[in-house]
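Below is one structure; the comments refer to it alone.
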Amino acid sequence: MTKFTEQDYQYMQRAFELAEMAKDKGEVPVGAVLVKRDEVVGEGFNQPILSNDPTAHAEVVALREAGKQLENYRLVDTTLYVTLEPCAMCAMALVHARVGRVVYATEDPRTGAGGSVLNILKHESFNHHCEVHSGLLKEQCSQQLKAFFKAKRDK
């Protein structure tokens, strides 16, 4: 069982708040925060519908912001906090960016690529592997997603 720090909780809570912003805009509620040396260097929430961009997942938005802020496409020694397990696209972007650690709240049993369905973040053939931890604020983030999809079905 992973022991999470107080900072881990704070950053995941911020990711949850970003997911709420996505939900309020009609997007699937996923939020992401990228941290380097206890400083937020990138944040994002799902916005593919808003931006007409299929790659505008929370993780990719956070990576893009961090790359600009750090003026580097390699984001070494960073930790990504995300409310939902990354999909294959996002997981591969995290590997290419050389993110060191990924902390996600809840699993995605359909498209999760952090160990649920696929394990891209630790795939043996890649030259970079992310340290992966899950379950931080799992119930809170899971309920947020379930409520969103229930409301969609009820419409």
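Identifiers in this document derive from the order of the structure tokens: chains are assigned A, B, ..., residues are numbered from 1 separately in each chain, and ligands are numbered from 1 in order of occurrence.
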From a DSSP pass on the backbone, collect the residues of chain A flagged as strand (DSSP E) and hand them back as a count of residues only. 30
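Excluding region 8-16 of chain A itself and any same-chain residue fewer than 6 positions from it, the protein and nucleic acid residues within 6 Å of it, counting only C-alpha atoms, are Gly31, Ala32, Val33 and Tyr81 of chain A.
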Atoms to include: all heavy atoms. Write the selected residues as a tab-separated table (two decimals), in the first residue's frame.
```
chain	number	residue	atom	x	y	z
A	31	GLY	N	-9.17	15.90	-14.15
A	31	GLY	CA	-8.24	16.99	-13.92
A	31	GLY	C	-6.85	16.46	-13.67
A	31	GLY	O	-6.68	15.34	-13.18
A	32	ALA	N	-5.84	17.28	-14.02
A	32	ALA	CA	-4.45	16.86	-13.86
A	32	ALA	C	-3.59	18.03	-13.41
A	32	ALA	O	-3.79	19.17	-13.84
A	32	ALA	CB	-3.91	16.30	-15.17
A	33	VAL	N	-2.63	17.72	-12.55
A	33	VAL	CA	-1.68	18.71	-12.04
A	33	VAL	C	-0.29	18.11	-12.16
A	33	VAL	O	-0.05	16.99	-11.69
A	33	VAL	CB	-1.97	19.05	-10.56
A	33	VAL	CG1	-0.93	20.00	-10.00
A	33	VAL	CG2	-3.37	19.65	-10.41
A	81	TYR	N	-0.41	14.29	-11.08
A	81	TYR	CA	-1.58	13.87	-10.31
A	81	TYR	C	-2.78	13.97	-11.23
A	81	TYR	O	-3.02	15.02	-11.83
A	81	TYR	CB	-1.78	14.78	-9.09
A	81	TYR	CG	-0.62	14.74	-8.14
A	81	TYR	CD1	0.47	15.59	-8.30
A	81	TYR	CD2	-0.61	13.83	-7.08
A	81	TYR	CE1	1.55	15.53	-7.43
A	81	TYR	CE2	0.48	13.77	-6.21
A	81	TYR	CZ	1.54	14.63	-6.40
A	81	TYR	OH	2.62	14.56	-5.53
```
Please provide the set of residues having any atom within 7 Å of region 44-46 of chain A, restricted to only C-alpha atoms, with same-chain residues fewer than 4 positions apart removed, written as a list in words.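 Selected residues are Leu18, Ala19, Ala22, Glu27, Val28, Pro29, Val30, Gly31, Ala32, Val33, Ala56, His57, Ala58, Glu59, Val61 and Ala62 of chain A.
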I want to know what sits within 9 Å of Gly100 (chain A), based on only C-alpha atoms, with residues of the same chain fewer than 3 positions away left out; could you give that as a PDB file with C-alpha atoms, in the first residue's frame?
```
ATOM      1  CA  LEU A  75       9.702  16.981 -17.948  1.00  0.00           C
ATOM      2  CA  VAL A  76      12.089  14.957 -15.800  1.00  0.00           C
ATOM      3  CA  ASP A  77      11.714  14.815 -12.025  1.00  0.00           C
ATOM      4  CA  THR A  78       8.020  15.662 -12.204  1.00  0.00           C
ATOM      5  CA  THR A  79       4.928  14.073 -10.716  1.00  0.00           C
ATOM      6  CA  LEU A  80       1.565  14.047 -12.442  1.00  0.00           C
ATOM      7  CA  LEU A  94       3.895  10.818 -20.157  1.00  0.00           C
ATOM      8  CA  VAL A  95       6.552   8.291 -21.132  1.00  0.00           C
ATOM      9  CA  HIS A 128      11.573   5.218 -19.732  1.00  0.00           C
ATOM     10  CA  HIS A 129       9.217   3.959 -17.054  1.00  0.00           C
ATOM     11  CA  CYS A 130       7.045   6.008 -14.728  1.00  0.00           C
ATOM     12  CA  GLU A 131       6.658   5.192 -11.073  1.00  0.00           C
ATOM     13  CA  VAL A 132       2.908   4.586 -10.653  1.00  0.00           C
TER      14      VAL A 132
END
```
If you run DSSP on the backbone, which residues of chain A are helix (DSSP H, G or I), as a ChimeraX atom specification? /A:6-24,48-51,58-70,88-97,120-122,138-154
Selected residue, from A:Val117, A:Val99, A:Leu84, A:Cys90, that lies nearest to Gln140 (chain A) when counting only C-alpha atoms: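 Checking each of A:Val117, A:Val99, A:Leu84, A:Cys90 against Gln140 (chain A), counting only C-alpha atoms, the winner is A:Leu84.
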May I ask which of the residues A:Glu39, A:Glu124, A:Asp154, A:Glu139 is the closest one to Tyr104 (chain A), counting only C-alpha atoms?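 That would be A:Glu139, the residue with the smallest distance to Tyr104 (chain A).
Counting from CA of Arg74 (chain A), the distance to CA of Asn119 (chain A) is 20.9 Å.
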